[in-house]
Amino acid sequence: MSFLVGNGGGFSGDRVDAPIPVVRSLVARGLPAALFFETLGERTVALAQLERRRDPELGYEPMLERLLEPILADCFRHRIPILGNFGAANPPAAARLVARLALRLGLPELKIATISGDDVSTSIALDQLPVHEADDSIDTKSARLVAANAYIGAEPLVDALRQGADVVVAGRTSDPALAIAPLVHHFGWAFDDWQRLAVGAACGHLLECGSQVTGGVFWDPGFKDIPDPANIGFPIAEVTAEGGLIITKPEDTGGIVDLRTVKEQLLYELHDPARYITPDVVLDISGCTVEQVGKDRVVVRGLAGHPRPETLKVTACFEGTWLGEGEVSVAGPNALARARATADVLLQRLKLRALPVRPRVDLIGIASVLDSDDGALWRGYNGPEPPEVRIRLAVEGADRDAVDQAAREVLALLCCGTAGTGGARWRLTPRILTRSYLVLRERVPTGVKVRTAAEMVA
Amino acid sequence: MSETVELPLHAVAHSRAGDKGNRSNMSLIPYDPALYPLLAEQVTEARVLALFAHRGATRCTRYALPLLHAFNFVVDDVLEGGVNGSLNLDGHGKTHSFRLLSLTVRVPGELAPR
């Protein structure tokens, strides 16, 4: 008999009503099931840590209550555990929120697990660790650390499920661990059964970005059309004890599951397809095949697993420089010439005022996201005259006031700019820089605490 | 010998981009698996690297997945410092897949989309 794994969210900021049809489908199918949420990007935990500094009861996924409220009672009554890294920088506070929600919904017996151990900001000296990946321009000696979290694996999550947890609140975990854990718990797979753990990791990898395997960031009108993109159904995987894996989605939802969506998501954020490293297993998809076996049903076969690494990845987030941005628009006849002149004048103004910032100008509508910092594409553009252009200045620097002053130069164009300049916006944002390290897994002990909602609020 | 037509990859293949640090990865998947060998021949590491030369890309590695009829292109140092350091609106480089799809290929008439 299959076990169902549903996904209710693929990032912090995903559609908040997505879990409802997934849970409805899991309940209707009547098979044993779990639901997971992946809401913690690389930097999300640092932003959450800054929230927690402001208020010790914050620092978890801000949409948590909105995501869980419509589904919590159904999941509890049908024994569908919910797992998520929505605890972000403050799993205990997130667990308390779930407890209060459960009491409000009349579920005092709901068991909530809080996972600890991923936060290594005070327990491990980072400068003694080998660097794994680094952003450019980090001077970690002078930069202030905001957060350092290890990507922990499925083991503590499985512990939580064994203790009967209905909701598992974690901070940083590997994304696939959120799917591996309920499978290991349900089927009793061993933690050195690399073959089956590989299926769990692939299940997690395919589902962790929510709709990305059911039509999200896939649809391309006229080329890759999908039904009802306003109501894309989030994914459900059917997994068997032997390691069979089928990707599907709830009936009566939009979106699509076919060979194209599954292939795109299989390769998403992958480098060497033979070595996708997770804390629980190294996944090898180089021999993988996919087959459509029904409407919105794709079988994934040929997955291989290799022993897990001895190290875990730790991502550290540091306070970075300031980012200033400003935009104005021009339109109509001669818009391109006015846009080019505006760009040049902005750069000239920054030089004139000797502001210590690194600038970039984009001509949105001509070239921006694909362009380089020096504007190679828009400077070389010789295509047709555009109906409108939006000019964007972006600057960064360590001096907050200088960055602010630079961004305000865009605002000043409302009076000093070319004819017909309008629609100014500007903003200043603190930047977070990240650096990843590798740490031996035994240096990252984890903890699990399971209590009922009634116990937590009492 | 049939006539060949020159087409943007977008007409015959699809792609998705992702990021890790200052590195971008882009899948490339032909709609028709029969086009897989042709893409293997024409969409080389050098051509993809050249597409992102203006961004400072230093290296392109192509992984072939013949059973999935797919490729994975990994381009180093293309994200202007990565999502945290970049001044680009799209620091993740998610839009890069469509720059890849603007590359042209020569396709035999009988394999070109109608």
# chains A, B, ... in the order shown; residues from 1 in each chain; ligands from 1
$ select_by_dssp --residues "range 11-248 of chain A" --states "helix (DSSP H, G or I)" --output "ChimeraX atom specification"
/A:19-29,44-54,64-68,72-77,91-104,126-128,155-162,177-187,194-207,210-213,229-231
$ interface_residues --of "chain A" --to "chain B" --cutoff "9 Å" --atoms "only C-alpha atoms" --output "JSON, numbers by chain"
{"A": [43, 133, 134, 135, 136, 137, 217, 218, 223, 224, 260, 263, 264, 265, 267, 268, 269, 270, 271, 272, 273, 285, 286, 287, 288, 289, 290, 320, 321, 323, 358, 359, 360, 362, 368, 369, 370, 371, 372, 373, 376, 377, 394, 395, 396, 431, 432, 433, 434, 435]}
$ select_by_dssp --residues "range 17-81 of chain B" --states "strand (DSSP E or B)" --output "VMD selection string"
chain B and resid 17 to 20 23 to 30 59 to 65 70 to 76
$ residues_around --residues "Leu197 in chain A" --least-positions-apart "5" --cutoff "7 Å" --atoms "only C-alpha atoms" --output "short mmCIF file (atom, residue, chain, number, x, y, z; two decimals) with C-alpha atoms, in the first residue's frame"
data_model
loop_
_atom_site.label_atom_id
_atom_site.label_comp_id
_atom_site.auth_asym_id
_atom_site.auth_seq_id
_atom_site.Cartn_x
_atom_site.Cartn_y
_atom_site.Cartn_z
CA ILE A 180 12.28 11.48 3.97
CA VAL A 281 21.88 10.26 1.39
CA GLY A 305 21.63 6.34 -3.50
#
$ atom_distance --atom1 "CA of Gly332 in chain A" --atom2 "CA of Pro221 in chain A"
27.8 Å
$ residues_around --residues "range 405-408 of chain A" --least-positions-apart "5" --cutoff "6 Å" --atoms "only C-alpha atoms" --output "PDB file with C-alpha atoms, in the first residue's frame"
ATOM      1  CA  GLY A 324      19.690  51.517  -2.442  1.00  0.00           C
ATOM      2  CA  GLU A 325      17.308  51.390  -5.375  1.00  0.00           C
ATOM      3  CA  GLY A 326      15.459  54.047  -7.314  1.00  0.00           C
TER       4      GLY A 326
END
$ residues_around --residues "Val298 in chain A" --least-positions-apart "2" --cutoff "7 Å" --atoms "only C-alpha atoms" --output "list of chain:residue names"
A:Ile246, A:Ile247, A:Thr248, A:Val257, A:Asp258, A:Leu259, A:Val290, A:Glu291, A:Gln292, A:Val293, A:Asp296, A:Val300
$ write_last_selection --atoms "C-alpha atoms" --output "PDB file, in the first residue's frame"
ATOM      1  CA  ILE A 246       4.664   8.479  -8.464  1.00  0.00           C
ATOM      2  CA  ILE A 247       4.198  12.253  -8.645  1.00  0.00           C
ATOM      3  CA  THR A 248       0.622  13.512  -8.876  1.00  0.00           C
ATOM      4  CA  VAL A 257       2.025  16.803 -13.878  1.00  0.00           C
ATOM      5  CA  ASP A 258       3.758  15.454 -16.952  1.00  0.00           C
ATOM      6  CA  LEU A 259       7.197  14.417 -18.172  1.00  0.00           C
ATOM      7  CA  VAL A 290      10.187   8.993 -16.097  1.00  0.00           C
ATOM      8  CA  GLU A 291       6.961   7.618 -17.519  1.00  0.00           C
ATOM      9  CA  GLN A 292       3.455   9.073 -17.756  1.00  0.00           C
ATOM     10  CA  VAL A 293       1.044   6.472 -16.360  1.00  0.00           C
ATOM     11  CA  ASP A 296      -1.241  14.026 -13.974  1.00  0.00           C
ATOM     12  CA  VAL A 300      10.035   8.112 -11.447  1.00  0.00           C
TER      13      VAL A 300
END
$ residues_around --residues "Leu7 in chain B" --least-positions-apart "3" --cutoff "9 Å" --atoms "only C-alpha atoms" --output "ChimeraX atom specification"
/B:10-12,102-107,112
$ residues_around --residues "range 117-120 of chain A" --least-positions-apart "2" --cutoff "8 Å" --atoms "only C-alpha atoms" --output "PyMOL selection string"
chain A and resi 89+115+122-124+147-152+171-173+444-447
$ atom_distance --atom1 "CA of Arg349 in chain A" --atom2 "CA of Leu411 in chain A"
12.5 Å
$ atom_distance --atom1 "CA of Glu109 in chain A" --atom2 "CA of Arg15 in chain A"
28.6 Å
